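Have a look at entry19.cif below; it lists mmCIF, C-alpha atoms.
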```
data_work
loop_
_atom_site.group_PDB
_atom_site.id
_atom_site.type_symbol
_atom_site.label_atom_id
_atom_site.label_comp_id
_atom_site.auth_asym_id
_atom_site.auth_seq_id
_atom_site.Cartn_x
_atom_site.Cartn_y
_atom_site.Cartn_z
ATOM 1 C CA MET R 67 157.635 42.472 -115.445
ATOM 2 C CA SER R 68 157.115 41.811 -119.161
ATOM 3 C CA GLU R 69 154.891 38.793 -118.444
ATOM 4 C CA PHE R 70 152.121 41.090 -117.198
ATOM 5 C CA GLU R 71 152.358 43.274 -120.277
ATOM 6 C CA LYS R 72 151.186 40.234 -122.285
ATOM 7 C CA ILE R 73 147.760 40.335 -120.628
ATOM 8 C CA GLU R 74 145.454 41.212 -123.489
ATOM 9 C CA LYS R 75 142.080 41.795 -121.863
ATOM 10 C CA PRO R 76 140.483 42.018 -118.414
ATOM 11 C CA GLU R 77 138.978 38.873 -116.885
ATOM 12 C CA GLY R 78 135.756 38.708 -114.911
ATOM 13 C CA PRO R 79 132.102 39.782 -115.167
ATOM 14 C CA PRO R 80 131.868 43.073 -117.101
ATOM 15 C CA ARG R 81 130.712 46.284 -115.453
ATOM 16 C CA ILE R 82 127.075 47.180 -116.126
ATOM 17 C CA ALA R 83 126.873 49.570 -119.065
ATOM 18 C CA GLY R 84 126.667 53.169 -117.874
ATOM 19 C CA ALA R 85 127.515 52.318 -114.274
ATOM 20 C CA ARG R 86 130.421 53.923 -112.463
ATOM 21 C CA ALA R 87 133.549 51.875 -111.880
ATOM 22 C CA VAL R 88 133.361 49.688 -108.793
ATOM 23 C CA ARG R 89 135.831 50.522 -106.043
ATOM 24 C CA PRO R 90 138.352 47.664 -105.646
ATOM 25 C CA LYS R 91 138.147 45.659 -102.423
ATOM 26 C CA ASP R 92 141.329 44.851 -100.505
ATOM 27 C CA ALA R 93 142.400 41.240 -101.025
ATOM 28 C CA ALA R 94 145.469 39.088 -100.529
ATOM 29 C CA THR R 95 146.773 35.813 -101.909
ATOM 30 C CA LEU R 96 149.429 33.483 -100.498
ATOM 31 C CA ILE R 97 151.810 31.481 -102.686
ATOM 32 C CA LEU R 98 153.341 28.664 -100.650
ATOM 33 C CA VAL R 99 156.600 27.242 -101.995
ATOM 34 C CA ARG R 100 157.932 23.761 -101.228
ATOM 35 C CA ARG R 101 161.660 23.159 -101.747
ATOM 36 C CA ASP R 102 161.834 19.516 -100.616
ATOM 37 C CA GLY R 103 162.023 18.038 -104.133
ATOM 38 C CA ALA R 104 164.119 18.240 -107.263
ATOM 39 C CA ALA R 105 162.374 21.505 -108.218
ATOM 40 C CA PRO R 106 160.320 24.044 -106.257
ATOM 41 C CA ARG R 107 156.584 23.345 -106.067
ATOM 42 C CA ILE R 108 153.762 25.784 -105.409
ATOM 43 C CA LEU R 109 150.337 25.210 -103.860
ATOM 44 C CA MET R 110 147.319 25.744 -106.115
ATOM 45 C CA GLY R 111 143.630 24.891 -105.967
ATOM 46 C CA ARG R 112 140.780 24.646 -108.475
ATOM 47 C CA ARG R 113 137.806 26.967 -108.009
ATOM 48 C CA SER R 114 134.295 25.550 -108.095
ATOM 49 C CA GLY R 115 132.333 25.755 -111.318
ATOM 50 C CA GLY R 116 129.599 27.561 -109.390
ATOM 51 C CA HIS R 117 131.695 30.682 -108.811
ATOM 52 C CA SER R 118 130.768 33.789 -110.792
ATOM 53 C CA PHE R 119 134.415 34.874 -110.746
ATOM 54 C CA MET R 120 136.943 32.596 -112.533
ATOM 55 C CA PRO R 121 134.997 29.291 -112.271
ATOM 56 C CA ASN R 122 136.902 25.999 -112.773
ATOM 57 C CA LEU R 123 140.263 27.756 -112.959
ATOM 58 C CA TRP R 124 143.303 27.015 -110.816
ATOM 59 C CA VAL R 125 144.395 29.767 -108.439
ATOM 60 C CA PHE R 126 146.382 30.428 -105.270
ATOM 61 C CA PRO R 127 144.509 30.505 -101.944
ATOM 62 C CA GLY R 128 143.325 33.987 -101.060
ATOM 63 C CA GLY R 129 140.409 36.346 -100.690
ATOM 64 C CA ARG R 130 139.078 39.625 -99.353
ATOM 65 C CA VAL R 131 140.236 41.298 -96.184
ATOM 66 C CA ASP R 132 137.725 40.952 -93.349
ATOM 67 C CA ARG R 133 137.350 43.532 -90.582
ATOM 68 C CA ALA R 134 138.431 40.830 -88.148
ATOM 69 C CA ASP R 135 141.832 40.693 -89.874
ATOM 70 C CA TYR R 136 142.609 44.117 -88.391
ATOM 71 C CA ARG R 137 142.191 42.722 -84.867
ATOM 72 C CA ALA R 138 143.507 39.163 -85.220
ATOM 73 C CA PRO R 139 146.325 38.108 -82.862
ATOM 74 C CA HIS R 140 149.598 36.944 -84.383
ATOM 75 C CA GLY R 141 152.638 35.035 -83.177
ATOM 76 C CA THR R 142 155.215 37.093 -85.085
ATOM 77 C CA ASP R 143 155.138 40.450 -86.840
ATOM 78 C CA LEU R 144 156.015 41.419 -90.400
ATOM 79 C CA ARG R 145 159.709 41.716 -91.140
ATOM 80 C CA ALA R 146 160.888 45.324 -91.299
ATOM 81 C CA GLU R 147 161.439 45.374 -95.067
ATOM 82 C CA VAL R 148 158.022 43.831 -95.731
ATOM 83 C CA ALA R 149 156.287 46.293 -93.411
ATOM 84 C CA ALA R 150 158.117 49.180 -95.115
ATOM 85 C CA THR R 151 156.884 48.104 -98.561
ATOM 86 C CA PHE R 152 153.306 47.902 -97.324
ATOM 87 C CA GLU R 153 153.590 51.257 -95.559
ATOM 88 C CA ALA R 154 154.789 52.952 -98.755
ATOM 89 C CA HIS R 155 151.280 52.282 -100.133
ATOM 90 C CA ALA R 156 149.018 51.758 -97.119
ATOM 91 C CA SER R 157 148.802 52.165 -93.358
ATOM 92 C CA ALA R 158 150.714 49.751 -91.119
ATOM 93 C CA ALA R 159 147.396 48.311 -89.907
ATOM 94 C CA ARG R 160 146.198 47.714 -93.458
ATOM 95 C CA GLY R 161 149.432 45.987 -94.442
ATOM 96 C CA ARG R 162 149.237 43.661 -91.447
ATOM 97 C CA ALA R 163 145.550 42.944 -92.190
ATOM 98 C CA LEU R 164 146.403 42.019 -95.787
ATOM 99 C CA ALA R 165 149.010 39.502 -94.638
ATOM 100 C CA LEU R 166 146.652 38.085 -92.009
ATOM 101 C CA ALA R 167 143.875 37.751 -94.583
ATOM 102 C CA ALA R 168 146.155 35.723 -96.869
ATOM 103 C CA ILE R 169 147.086 33.390 -94.002
ATOM 104 C CA ARG R 170 143.460 33.016 -92.875
ATOM 105 C CA GLU R 171 142.191 32.315 -96.392
ATOM 106 C CA THR R 172 144.911 29.703 -96.919
ATOM 107 C CA PHE R 173 143.633 27.896 -93.846
ATOM 108 C CA GLU R 174 139.985 28.223 -94.894
ATOM 109 C CA GLU R 175 140.571 27.129 -98.494
ATOM 110 C CA ALA R 176 143.451 24.660 -98.188
ATOM 111 C CA GLY R 177 143.447 23.617 -94.517
ATOM 112 C CA LEU R 178 147.080 24.673 -93.978
ATOM 113 C CA LEU R 179 148.358 26.754 -91.063
ATOM 114 C CA LEU R 180 151.165 29.246 -91.674
ATOM 115 C CA ALA R 181 151.550 29.705 -87.951
ATOM 116 C CA ARG R 182 153.469 29.210 -84.740
ATOM 117 C CA PRO R 183 152.167 26.786 -82.083
ATOM 118 C CA ALA R 184 150.330 28.523 -79.258
ATOM 119 C CA PRO R 185 147.734 27.649 -76.636
ATOM 120 C CA ALA R 186 144.287 27.292 -78.196
ATOM 121 C CA ARG R 187 142.104 30.256 -77.442
ATOM 122 C CA PRO R 188 138.391 30.968 -77.847
ATOM 123 C CA ALA R 189 137.405 33.532 -80.460
ATOM 124 C CA ALA R 190 134.423 34.620 -82.508
ATOM 125 C CA GLY R 191 134.197 35.289 -86.214
ATOM 126 C CA PRO R 192 136.414 34.044 -89.062
ATOM 127 C CA TRP R 193 139.478 33.431 -86.863
ATOM 128 C CA ARG R 194 137.693 31.090 -84.440
ATOM 129 C CA GLU R 195 138.718 27.781 -86.046
ATOM 130 C CA PHE R 196 142.269 28.911 -86.821
ATOM 131 C CA LEU R 197 142.963 29.875 -83.208
ATOM 132 C CA ALA R 198 141.211 26.766 -81.906
ATOM 133 C CA HIS R 199 143.931 24.663 -83.566
ATOM 134 C CA GLY R 200 146.512 26.084 -81.155
ATOM 135 C CA ALA R 201 148.095 28.383 -83.708
ATOM 136 C CA LEU R 202 149.005 32.038 -84.146
ATOM 137 C CA PRO R 203 149.738 33.478 -87.619
ATOM 138 C CA ASP R 204 153.430 33.641 -88.562
ATOM 139 C CA LEU R 205 153.627 37.045 -90.249
ATOM 140 C CA ALA R 206 157.431 36.948 -90.287
ATOM 141 C CA ALA R 207 157.234 34.128 -92.853
ATOM 142 C CA VAL R 208 155.561 36.381 -95.431
ATOM 143 C CA GLU R 209 157.211 38.317 -98.240
ATOM 144 C CA ILE R 210 155.656 40.449 -100.972
ATOM 145 C CA LEU R 211 155.681 39.198 -104.559
ATOM 146 C CA ALA R 212 153.470 41.687 -106.419
ATOM 147 C CA ARG R 213 150.279 43.734 -106.424
ATOM 148 C CA ALA R 214 147.531 43.845 -109.051
ATOM 149 C CA VAL R 215 144.323 45.860 -109.333
ATOM 150 C CA THR R 216 141.356 44.579 -111.357
ATOM 151 C CA PRO R 217 140.592 46.982 -114.241
ATOM 152 C CA PRO R 218 137.618 49.406 -114.135
ATOM 153 C CA ALA R 219 135.830 47.542 -116.955
ATOM 154 C CA ILE R 220 135.156 44.624 -114.592
ATOM 155 C CA GLY R 221 132.137 44.646 -112.279
ATOM 156 C CA LYS R 222 133.910 42.754 -109.469
ATOM 157 C CA ARG R 223 137.207 44.438 -108.590
ATOM 158 C CA PHE R 224 140.016 43.632 -106.176
ATOM 159 C CA ASP R 225 143.214 45.361 -105.111
ATOM 160 C CA THR R 226 145.195 42.176 -104.524
ATOM 161 C CA TRP R 227 148.578 41.757 -102.885
ATOM 162 C CA PHE R 228 150.322 38.529 -103.896
ATOM 163 C CA LEU R 229 152.440 37.217 -101.029
ATOM 164 C CA MET R 230 154.887 34.320 -100.733
ATOM 165 C CA ALA R 231 156.016 32.056 -97.908
ATOM 166 C CA ASP R 232 158.160 28.953 -97.594
ATOM 167 C CA ALA R 233 156.135 25.808 -96.879
ATOM 168 C CA GLU R 234 158.691 24.898 -94.193
ATOM 169 C CA ARG R 235 157.029 27.569 -92.040
ATOM 170 C CA LEU R 236 153.723 25.653 -92.054
ATOM 171 C CA MET R 237 152.835 23.917 -88.805
ATOM 172 C CA SER R 238 152.282 20.772 -90.878
ATOM 173 C CA LEU R 239 151.924 19.716 -94.506
ATOM 174 C CA ASP R 240 148.925 17.655 -93.410
ATOM 175 C CA ARG R 241 145.734 19.520 -94.215
ATOM 176 C CA ARG R 242 143.062 20.286 -91.629
ATOM 177 C CA PRO R 243 139.421 19.999 -92.717
ATOM 178 C CA ASP R 244 138.718 22.980 -94.991
ATOM 179 C CA SER R 245 135.681 24.794 -96.311
ATOM 180 C CA GLY R 246 135.764 23.202 -99.738
ATOM 181 C CA GLU R 247 136.008 26.546 -101.506
ATOM 182 C CA LEU R 248 138.772 25.042 -103.627
ATOM 183 C CA GLU R 249 137.615 21.724 -105.054
ATOM 184 C CA GLU R 250 141.090 20.287 -105.656
ATOM 185 C CA ILE R 251 144.415 21.102 -104.022
ATOM 186 C CA GLY R 252 147.886 20.171 -105.242
ATOM 187 C CA TRP R 253 151.580 21.020 -105.211
ATOM 188 C CA PHE R 254 152.942 21.714 -108.699
ATOM 189 C CA THR R 255 156.269 22.538 -110.275
ATOM 190 C CA HIS R 256 156.157 25.758 -112.267
ATOM 191 C CA ASP R 257 155.938 23.868 -115.562
ATOM 192 C CA GLU R 258 153.110 21.727 -114.204
ATOM 193 C CA ALA R 259 151.291 24.819 -112.921
ATOM 194 C CA LEU R 260 151.573 26.543 -116.306
ATOM 195 C CA SER R 261 149.916 23.541 -117.956
ATOM 196 C CA LEU R 262 146.754 24.033 -115.852
ATOM 197 C CA PRO R 263 143.798 26.223 -116.892
ATOM 198 C CA LEU R 264 144.790 29.491 -115.199
ATOM 199 C CA PRO R 265 143.531 33.075 -115.136
ATOM 200 C CA GLN R 266 145.911 35.358 -117.012
ATOM 201 C CA ILE R 267 146.996 37.140 -113.845
ATOM 202 C CA THR R 268 147.694 33.819 -112.098
ATOM 203 C CA ARG R 269 149.793 32.642 -115.044
ATOM 204 C CA GLY R 270 151.836 35.808 -114.752
ATOM 205 C CA MET R 271 152.271 35.297 -111.004
ATOM 206 C CA VAL R 272 153.439 31.699 -111.491
ATOM 207 C CA ARG R 273 156.208 32.996 -113.752
ATOM 208 C CA GLU R 274 156.920 35.863 -111.366
ATOM 209 C CA THR R 275 157.308 33.387 -108.495
ATOM 210 C CA LEU R 276 159.933 31.422 -110.406
ATOM 211 C CA ALA R 277 161.736 34.638 -111.370
ATOM 212 C CA ARG R 278 161.826 35.792 -107.729
ATOM 213 C CA LEU R 279 163.149 32.450 -106.528
ATOM 214 C CA GLU R 280 165.992 32.794 -109.042
ATOM 215 C CA HIS R 281 166.527 36.547 -108.512
ATOM 216 C CA PRO R 282 165.284 37.646 -105.045
ATOM 217 C CA GLU R 283 166.440 41.221 -105.630
ATOM 218 C CA ARG R 284 164.180 41.860 -108.657
ATOM 219 C CA PRO R 285 161.601 44.690 -108.465
ATOM 220 C CA ARG R 286 158.121 43.805 -107.234
ATOM 221 C CA PRO R 287 155.560 44.547 -109.977
ATOM 222 C CA TYR R 288 152.478 46.674 -109.369
ATOM 223 C CA MET R 289 149.972 46.072 -112.170
ATOM 224 C CA ARG R 290 147.079 48.393 -112.994
ATOM 225 C CA PHE R 291 144.965 49.192 -116.030
ATOM 226 C CA ARG R 292 144.899 52.746 -117.346
ATOM 227 C CA HIS R 293 142.781 53.711 -120.365
ATOM 228 C CA GLY R 294 142.406 50.036 -121.258
ATOM 229 C CA ALA R 295 146.120 49.298 -121.223
ATOM 230 C CA VAL R 296 148.237 47.501 -118.646
ATOM 231 C CA ARG R 297 150.519 49.764 -116.628
ATOM 232 C CA ILE R 298 153.385 48.173 -114.716
ATOM 233 C CA ASP R 299 155.211 50.024 -111.950
ATOM 234 C CA ALA R 300 157.446 48.773 -109.125
ATOM 235 C CA LEU R 301 156.309 48.676 -105.510
#
```
Taking this structure as input, can you express it in the form of structure tokens?
Amino acid sequence: MSEFEKIEKPEGPPRIAGARAVRPKDAATLILVRRDGAAPRILMGRRSGGHSFMPNLWVFPGGRVDRADYRAPHGTDLRAEVAATFEAHASAARGRALALAAIRETFEEAGLLLARPAPARPAAGPWREFLAHGALPDLAAVEILARAVTPPAIGKRFDTWFLMADAERLMSLDRRPDSGELEEIGWFTHDEALSLPLPQITRGMVRETLARLEHPERPRPYMRFRHGAVRIDAL
């Protein structure tokens, strides 16, 4: 967990002077890992320069939880140990919604389906296109890597769960048309990823991903800021 203790300052637009701290919004990120080469590779994308939050930096696909994520159908459920970790900090419904949000955002931003084949079904809202591809989210493929909460000094805050899944669980490595939220997409070894312009938290998660691949039993870090300093606990 020492990598996160190296974070020196919060990133993002500062909170308006005198305003109360913004309540963090639930969010989830998915780190897809390919093991079909000489070294593991992870999926990353570059954010548009027009974003107010982390423009032009490379990140993992992810985003905020939508209300529809609480009702979305799924082809498999969370594994028992993953569900238990979520439920130690949130309701079962919230944990499932976080995992579904990460899978949905990966489709929207990278055009990749972490899913099981299923008959296409009509739907409204953010899940319409996903389900129209004849797919149901594969929650059993997901494991928890870490959790991080944006510090109170930042005006745009997220309570983000960083999740992992093996790329072999994707329906295909071929991308479907995506929303263009990430301007470039690529698979990178950990050394290649660390050479990219990354947010501090993403840099820490790249290293954490490699550490978990080498030592699956290691504690899952939970990073928060208290009184301006980073506090690291275990989930």
If the PyMOL selection byres ((chain R and resi 138) around 12) were run on this exact file, what residues would it hold? Put them as a VMD selection string. chain R and resid 131 to 137 139 to 143 159 162 to 167 169 to 170 187 189 to 194 196 to 197 201 to 205
File of the preceding selection, C-alpha atoms, as an mmCIF file, keeping the file's coordinate frame:
```cif
data_model
loop_
_atom_site.group_PDB
_atom_site.id
_atom_site.type_symbol
_atom_site.label_atom_id
_atom_site.label_comp_id
_atom_site.auth_asym_id
_atom_site.auth_seq_id
_atom_site.Cartn_x
_atom_site.Cartn_y
_atom_site.Cartn_z
ATOM 1 C CA VAL R 131 140.236 41.298 -96.184
ATOM 2 C CA ASP R 132 137.725 40.952 -93.349
ATOM 3 C CA ARG R 133 137.350 43.532 -90.582
ATOM 4 C CA ALA R 134 138.431 40.830 -88.148
ATOM 5 C CA ASP R 135 141.832 40.693 -89.874
ATOM 6 C CA TYR R 136 142.609 44.117 -88.391
ATOM 7 C CA ARG R 137 142.191 42.722 -84.867
ATOM 8 C CA PRO R 139 146.325 38.108 -82.862
ATOM 9 C CA HIS R 140 149.598 36.944 -84.383
ATOM 10 C CA GLY R 141 152.638 35.035 -83.177
ATOM 11 C CA THR R 142 155.215 37.093 -85.085
ATOM 12 C CA ASP R 143 155.138 40.450 -86.840
ATOM 13 C CA ALA R 159 147.396 48.311 -89.907
ATOM 14 C CA ARG R 162 149.237 43.661 -91.447
ATOM 15 C CA ALA R 163 145.550 42.944 -92.190
ATOM 16 C CA LEU R 164 146.403 42.019 -95.787
ATOM 17 C CA ALA R 165 149.010 39.502 -94.638
ATOM 18 C CA LEU R 166 146.652 38.085 -92.009
ATOM 19 C CA ALA R 167 143.875 37.751 -94.583
ATOM 20 C CA ILE R 169 147.086 33.390 -94.002
ATOM 21 C CA ARG R 170 143.460 33.016 -92.875
ATOM 22 C CA ARG R 187 142.104 30.256 -77.442
ATOM 23 C CA ALA R 189 137.405 33.532 -80.460
ATOM 24 C CA ALA R 190 134.423 34.620 -82.508
ATOM 25 C CA GLY R 191 134.197 35.289 -86.214
ATOM 26 C CA PRO R 192 136.414 34.044 -89.062
ATOM 27 C CA TRP R 193 139.478 33.431 -86.863
ATOM 28 C CA ARG R 194 137.693 31.090 -84.440
ATOM 29 C CA PHE R 196 142.269 28.911 -86.821
ATOM 30 C CA LEU R 197 142.963 29.875 -83.208
ATOM 31 C CA ALA R 201 148.095 28.383 -83.708
ATOM 32 C CA LEU R 202 149.005 32.038 -84.146
ATOM 33 C CA PRO R 203 149.738 33.478 -87.619
ATOM 34 C CA ASP R 204 153.430 33.641 -88.562
ATOM 35 C CA LEU R 205 153.627 37.045 -90.249
#
```
Point-to-point distance from CA of Thr216 (chain R) to CA of Arg290 (chain R), Å rounded to tenths: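 These atoms are spaced 7.1 Å apart.
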Residues matched by the PyMOL selection byres ((chain R and resi 149) around 10), written as an MDAnalysis selection string: chainID R and resid 143:148 150:154 156:159 161:162 206 209:210
Keeping only C-alpha atoms, write the selected residues as a short mmCIF file (atom, residue, chain, number, x, y, z; two decimals), in the frame of the given file.
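File again-v2.cif, as written:
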```cif
data_model
loop_
_atom_site.label_atom_id
_atom_site.label_comp_id
_atom_site.auth_asym_id
_atom_site.auth_seq_id
_atom_site.Cartn_x
_atom_site.Cartn_y
_atom_site.Cartn_z
CA ASP R 143 155.14 40.45 -86.84
CA LEU R 144 156.01 41.42 -90.40
CA ARG R 145 159.71 41.72 -91.14
CA ALA R 146 160.89 45.32 -91.30
CA GLU R 147 161.44 45.37 -95.07
CA VAL R 148 158.02 43.83 -95.73
CA ALA R 150 158.12 49.18 -95.12
CA THR R 151 156.88 48.10 -98.56
CA PHE R 152 153.31 47.90 -97.32
CA GLU R 153 153.59 51.26 -95.56
CA ALA R 154 154.79 52.95 -98.76
CA ALA R 156 149.02 51.76 -97.12
CA SER R 157 148.80 52.16 -93.36
CA ALA R 158 150.71 49.75 -91.12
CA ALA R 159 147.40 48.31 -89.91
CA GLY R 161 149.43 45.99 -94.44
CA ARG R 162 149.24 43.66 -91.45
CA ALA R 206 157.43 36.95 -90.29
CA GLU R 209 157.21 38.32 -98.24
CA ILE R 210 155.66 40.45 -100.97
#
```
What does the distance between CA of Glu171 (chain R) and CA of Val296 (chain R) come to in Å, to one decimal place? 27.6 Å
Would you compute, for all listed atoms of region 191-200 of chain R, the axis-aligned bounding box grown by 8 Å on each side, and then report its centre and edge lengths in Å rounded to one decimal, as AutoDock Vina command-line options?
```
--center_x 140.4 --center_y 30.0 --center_z -85.1 --size_x 28.3 --size_y 26.6 --size_z 23.9
```
Name all residues at most 10 Å from Val99 (chain R) (count only C-alpha atoms; drop same-chain ones fewer than 4 positions away) and give them as a ChimeraX atom specification. /R:106-109,230-235,253-255,275-276,279
Among listed residues R:Ala176, R:Ala207, R:Val88, R:Leu229, nearest Arg278 (chain R) (using only C-alpha atoms):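 Once distances to Arg278 (chain R) are computed over only C-alpha atoms, the minimum belongs to R:Leu229.
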May I have the residues within 7 Å of region 256-268 of chain R as a count of residues only, using only C-alpha atoms and disregarding those fewer than 3 positions away in the same chain? 7
Atom pair CA of Arg86 (chain R) / CA of Leu301 (chain R): separation (Å):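 Distance reported for this atom pair: 27.3 Å.
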Which of these residues is nearest to Val215 (chain R), using all atoms listed in the file: R:His293, R:Arg112, R:Asp92, R:Glu249?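 Closest candidate: R:Asp92.
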Do a neighbour search on Gly200 (chain R) at 10 Å with all atoms listed in the file, toss out local chain neighbours closer than 4 positions, and write the hits as a ChimeraX atom specification. /R:181-187,195-196
Which residues, written as an MDAnalysis selection string, have at least one atom at most 10 Å from Thr172 (chain R), with all atoms listed in the file counted and residues fewer than 2 positions away on the same chain left out? chainID R and resid 95:98 109 126:129 166:170 174:180 244
Between R:Ala212, R:Asp225, R:Lys91, R:Asp299, single out the one closest to Arg273 (chain R), counting all atoms listed in the file.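 The closest residue to Arg273 (chain R) is R:Ala212.
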Skipping near chain neighbours, those fewer than 2 positions away, what residues fall within 10 Å of Tyr288 (chain R) using all atoms listed in the file, listed as a list of chain:residue names?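 In the requested form, the answer reads R:Met67, R:Phe70, R:Leu211, R:Ala212, R:Arg213, R:Ala214, R:Val215, R:Thr226, R:Trp227, R:Pro285, R:Arg286, R:Arg290, R:Arg297, R:Ile298, R:Asp299, R:Ala300, R:Leu301.
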Atoms added to region 128-139 of chain R (N, CA, C and O atoms), reported as a PDB file, in the frame of the given file:
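rebuild_5.pdb was written with the following content:
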```pdb
ATOM      1  N   GLY R 128     143.382  32.564-101.377  1.00  0.00           N
ATOM      2  CA  GLY R 128     143.325  33.987-101.060  1.00  0.00           C
ATOM      3  C   GLY R 128     141.903  34.493-101.065  1.00  0.00           C
ATOM      4  O   GLY R 128     140.962  33.765-101.386  1.00  0.00           O
ATOM      5  N   GLY R 129     141.741  35.766-100.706  1.00  0.00           N
ATOM      6  CA  GLY R 129     140.409  36.346-100.690  1.00  0.00           C
ATOM      7  C   GLY R 129     140.419  37.744-100.099  1.00  0.00           C
ATOM      8  O   GLY R 129     141.479  38.344 -99.863  1.00  0.00           O
ATOM      9  N   ARG R 130     139.235  38.253 -99.840  1.00  0.00           N
ATOM     10  CA  ARG R 130     139.078  39.625 -99.353  1.00  0.00           C
ATOM     11  C   ARG R 130     139.509  39.772 -97.898  1.00  0.00           C
ATOM     12  O   ARG R 130     139.405  38.834 -97.103  1.00  0.00           O
ATOM     13  N   VAL R 131     139.932  40.959 -97.570  1.00  0.00           N
ATOM     14  CA  VAL R 131     140.236  41.298 -96.184  1.00  0.00           C
ATOM     15  C   VAL R 131     138.930  41.451 -95.417  1.00  0.00           C
ATOM     16  O   VAL R 131     137.985  42.092 -95.884  1.00  0.00           O
ATOM     17  N   ASP R 132     138.873  40.832 -94.249  1.00  0.00           N
ATOM     18  CA  ASP R 132     137.725  40.952 -93.349  1.00  0.00           C
ATOM     19  C   ASP R 132     138.081  41.943 -92.237  1.00  0.00           C
ATOM     20  O   ASP R 132     139.254  42.092 -91.877  1.00  0.00           O
ATOM     21  N   ARG R 133     137.076  42.591 -91.681  1.00  0.00           N
ATOM     22  CA  ARG R 133     137.350  43.532 -90.582  1.00  0.00           C
ATOM     23  C   ARG R 133     138.063  42.857 -89.423  1.00  0.00           C
ATOM     24  O   ARG R 133     138.884  43.473 -88.733  1.00  0.00           O
ATOM     25  N   ALA R 134     137.783  41.560 -89.232  1.00  0.00           N
ATOM     26  CA  ALA R 134     138.431  40.830 -88.148  1.00  0.00           C
ATOM     27  C   ALA R 134     139.934  40.692 -88.359  1.00  0.00           C
ATOM     28  O   ALA R 134     140.684  40.488 -87.400  1.00  0.00           O
ATOM     29  N   ASP R 135     140.396  40.811 -89.596  1.00  0.00           N
ATOM     30  CA  ASP R 135     141.832  40.693 -89.874  1.00  0.00           C
ATOM     31  C   ASP R 135     142.623  41.865 -89.275  1.00  0.00           C
ATOM     32  O   ASP R 135     143.829  41.756 -89.061  1.00  0.00           O
ATOM     33  N   TYR R 136     141.935  42.967 -89.011  1.00  0.00           N
ATOM     34  CA  TYR R 136     142.609  44.117 -88.391  1.00  0.00           C
ATOM     35  C   TYR R 136     142.829  43.897 -86.893  1.00  0.00           C
ATOM     36  O   TYR R 136     143.638  44.594 -86.287  1.00  0.00           O
ATOM     37  N   ARG R 137     142.107  42.934 -86.311  1.00  0.00           N
ATOM     38  CA  ARG R 137     142.191  42.722 -84.867  1.00  0.00           C
ATOM     39  C   ARG R 137     142.776  41.358 -84.505  1.00  0.00           C
ATOM     40  O   ARG R 137     142.929  41.055 -83.322  1.00  0.00           O
ATOM     41  N   ALA R 138     143.087  40.545 -85.496  1.00  0.00           N
ATOM     42  CA  ALA R 138     143.507  39.163 -85.220  1.00  0.00           C
ATOM     43  C   ALA R 138     144.861  39.130 -84.516  1.00  0.00           C
ATOM     44  O   ALA R 138     145.783  39.874 -84.861  1.00  0.00           O
ATOM     45  N   PRO R 139     145.018  38.265 -83.519  1.00  0.00           N
ATOM     46  CA  PRO R 139     146.325  38.108 -82.862  1.00  0.00           C
ATOM     47  C   PRO R 139     147.303  37.415 -83.799  1.00  0.00           C
ATOM     48  O   PRO R 139     146.898  36.722 -84.747  1.00  0.00           O
TER      49      PRO R 139
END
```
